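So the structure is just underneath, and the comments pick up after that.
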Amino acid sequence: MAHILVVTNRKGGSGKTATAVNLAAEFAERGSRVLLIDLDTQNHCALGLGIKLSKTDATVHGFFAGQHNLTTAIKHSRWSNLDLIPADPLFEHGAAGNDEFRLRSALLDEALGARYDILILDTPPSLDILLLNALYAADRVLVPFLPHFLAGEGVKQLARVLFKVGSHRANEGVRVLIAYVPVMLAARIGQHKKVANAISSQFGATRMLPGIRNDIRVAESFSVGQPVRYYAPKTRATEDYQHLTDAVLRLLENPDR
Ligand SMILES: Nc1ncnc2c1ncn2[C@@H]1O[C@H](COP(=O)(O)OP(=O)(O)OP(=O)(O)O)[C@@H](O)[C@H]1O
Ligand SMILES: [Mg+2]
């Protein structure tokens with residue numbers, strides 16, 4: 001069965017999509033069969049993988065609106081093993097209904113966990129029914145954050161939601177592992193270290209994964225529709241995403257961490 005990794009943070013612009021797209025690319029390059037699901041109507045994952053969509057293409061939001069199943073919405077990227085279920089920029093959030101378990105049921109019913117090795121879910125910067133659907137489907141949660149004071153506060157708020165979901169899942173016998181990854185790091189800035197250390201001491205040092213340095217190549221790579229490892233193989237963010245992938249692999253493989 002595939003692991004289901006949700007990338008989330010309620011705060012906008014905290015590197016969720018960059019993390020989701022670049023981890024997906026790195027896992028696929030290493031031979032895992034990867035399905036990226038974009039729950040954010042900004043639709044940036046398609047951009048990051050250079051996938052062009054027409055208005056009539058099926059999307060994850062079309063699934064939530066009851067128009068079709070999930071499998072219908074799968075798009076292949078130009079990289080082998082790397083597929084995407086894109087978002088619908090025109091989706092109205094009220095149309096998602098109020099069932100928190102719909103995504104989880106569909107992933108099971110459509111056996112997507114058997115077809116892929118890892119499902120990576122990118123989420124919108126809001127606490128809505130789509131985010132809850134993602135969290136109730138997940139067995140791993142990754143929280144990218146900018147190590148600034150307010151971002152640290154946002155992570156603490158998110159932790160309360162994760163605690164609720166985690167307790168529910170524990171009752172079903174599933175242990176949800178949560179890890180944090182500092183992004184857009186400038187190692188020289190003391191404030192970054194302070195916030196990262198505070199989060200580390202609150203949630204445990206083993207939950208703090210290696211960070212991603214600030215690197216303009218990440219932003220540029222979206223404009224050319226390629227994960228950064230292909231756009232700029234030698235840049236520091238490519239190196240950092242590789243270390244992060246190693247750490248996420250350990251998180252996936254070791255249930256006792
Ligand atoms: N390591 C990095 N160095 C420099 N820029 C980065 C880095 N990671 C992400 N970015 C850029 O920062 C911006 C925000 O990142 P991203 O879109 O991944 O955040 P997000 O949390 O998904 O945002 P939203 O909440 O709007 O969905 C983007 O322009 C992205 O290209
Ligand atoms: Mg995003």
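All residue names refer to the structure tokens as shown: chains lettered A, B, ... in order, residues numbered from 1 in each chain, ligands numbered from 1 in order.
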
TODO: May I have all residues of range 9-43 of chain A that DSSP, computed from the backbone, assigns to strand (DSSP E or B), given as number ranges by chain?
DONE: A: 34-38

Return as a short mmCIF file (atom, residue, chain, number, x, y, z; two decimals) with C-alpha atoms, in the first residue's frame every polymer residue, whether protein, DNA or RNA, with at least one atom no more than 7 Å from an atom of ligand 1; count only C-alpha atoms and all ligand atoms.
data_model
loop_
_atom_site.label_atom_id
_atom_site.label_comp_id
_atom_site.auth_asym_id
_atom_site.auth_seq_id
_atom_site.Cartn_x
_atom_site.Cartn_y
_atom_site.Cartn_z
CA ASN A 9 0.49 24.65 6.54
CA LYS A 11 -0.10 29.94 6.26
CA GLY A 12 0.06 31.01 2.62
CA GLY A 13 3.37 31.09 0.81
CA SER A 14 5.10 28.72 3.20
CA GLY A 15 6.63 26.50 0.53
CA LYS A 16 3.96 23.77 0.45
CA THR A 17 3.71 23.51 -3.32
CA ALA A 18 7.46 23.77 -3.91
CA THR A 19 7.99 21.01 -1.35
CA ASP A 40 -5.39 23.92 -4.01
CA PRO A 124 -4.66 25.00 0.16
CA PRO A 125 -3.61 27.60 2.74
CA VAL A 183 12.18 26.36 4.08
CA MET A 184 13.70 29.42 2.40
CA ILE A 212 15.62 23.94 2.15
CA ARG A 213 17.78 27.01 1.64
CA ASN A 214 16.57 30.14 -0.03
CA ASP A 215 17.25 29.69 -3.73
CA ILE A 216 15.73 31.75 -6.53
CA ARG A 217 16.06 28.71 -8.81
CA VAL A 218 13.07 27.17 -7.02
CA ALA A 219 10.81 30.06 -8.04
CA GLU A 220 12.29 30.12 -11.55
CA PHE A 222 7.95 26.91 -11.78
CA ALA A 237 17.93 23.71 -3.45
#

Task: Those of range 32-212 of chain A in DSSP helix (DSSP H, G or I), formatted as a ChimeraX atom specification - done: /A:44-48,60-64,71-73,93-96,102-109,112-115,129-137,149-171,190-203,205-207

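Among the candidates A:Leu103, A:Leu47, A:Leu112, A:Ala87, the one nearest to Thr71 in chain A when counting only C-alpha atoms is A:Leu112.
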
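Put simply, CA of Pro182 in chain A is 16.8 Å away from CA of Arg140 in chain A.
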
Open item on the list: Here is a test: counting only C-alpha atoms, which residue of A:Ala73, A:Glu29, A:Asn43, A:Val34 is nearest to Ala114 in chain A?
Closed with: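 Looking at the shortest contact to Ala114 in chain A, the residue is A:Val34.
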
Task: Interatomic distance, CA of Ser221 in chain A to CA of Asn22 in chain A (Å, one decimal) - done: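 Distance between the two atoms: 10.0 Å.
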
Task: Spatial neighbours of Ala46 in chain A, 9 Å, only C-alpha atoms, chain gap at least 3 places, as a PyMOL selection string - done: chain A and resi 38+43+49-53+77+84-87+225

Keeping only N, CA and C atoms, write those residues as a short mmCIF file (atom, residue, chain, number, x, y, z; two decimals), in the first residue's frame.
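Resulting contents of part-v8.cif:
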data_model
loop_
_atom_site.label_atom_id
_atom_site.label_comp_id
_atom_site.auth_asym_id
_atom_site.auth_seq_id
_atom_site.Cartn_x
_atom_site.Cartn_y
_atom_site.Cartn_z
N ASP A 38 -3.32 17.76 -6.28
CA ASP A 38 -3.31 19.20 -5.97
C ASP A 38 -4.70 19.64 -5.49
N ASN A 43 -3.84 25.76 -8.44
CA ASN A 43 -3.41 24.87 -9.52
C ASN A 43 -1.92 24.97 -9.85
N LEU A 49 4.93 21.11 -12.95
CA LEU A 49 5.30 19.93 -13.74
C LEU A 49 5.13 20.18 -15.24
N GLY A 50 4.83 21.41 -15.60
CA GLY A 50 4.70 21.76 -17.01
C GLY A 50 3.52 21.06 -17.69
N ILE A 51 2.46 20.79 -16.92
CA ILE A 51 1.29 20.11 -17.50
C ILE A 51 0.24 21.16 -17.87
N LYS A 52 -0.09 21.19 -19.15
CA LYS A 52 -1.08 22.18 -19.61
C LYS A 52 -2.46 21.56 -19.54
N LEU A 53 -3.41 22.33 -19.06
CA LEU A 53 -4.76 21.80 -18.88
C LEU A 53 -5.75 22.61 -19.69
N SER A 77 2.89 13.11 -16.34
CA SER A 77 3.83 14.20 -16.63
C SER A 77 4.83 13.69 -17.67
N LEU A 84 -0.08 13.30 -11.98
CA LEU A 84 -0.73 14.40 -11.24
C LEU A 84 -2.24 14.31 -11.38
N ILE A 85 -2.94 14.56 -10.28
CA ILE A 85 -4.37 14.89 -10.37
C ILE A 85 -4.45 16.39 -10.10
N PRO A 86 -4.76 17.17 -11.14
CA PRO A 86 -4.69 18.62 -11.01
C PRO A 86 -5.90 19.22 -10.30
N ALA A 87 -5.80 20.52 -10.06
CA ALA A 87 -6.86 21.27 -9.40
C ALA A 87 -7.69 22.03 -10.44
N GLY A 225 8.19 25.23 -15.82
CA GLY A 225 7.44 23.97 -15.73
C GLY A 225 8.31 22.75 -15.50
#

Task: Nearest to ligand 2, chosen from A:Pro144, A:Leu82, A:Arg236, A:Val181, with only C-alpha atoms and all ligand atoms counted in the distances - done: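 Of A:Pro144, A:Leu82, A:Arg236, A:Val181, the one nearest ligand 2, counting only C-alpha atoms and all ligand atoms, is A:Pro144.
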
Open item on the list: When you look at Arg104 in chain A with a cut-off of 12 Å (counting only C-alpha atoms), what residues show up, excluding the ones that are within fewer than 2 positions of it in the same chain? I need them as a ChimeraX atom specification.
Closed with: /A:4,64,70,99-102,106-113,119,121,130-139
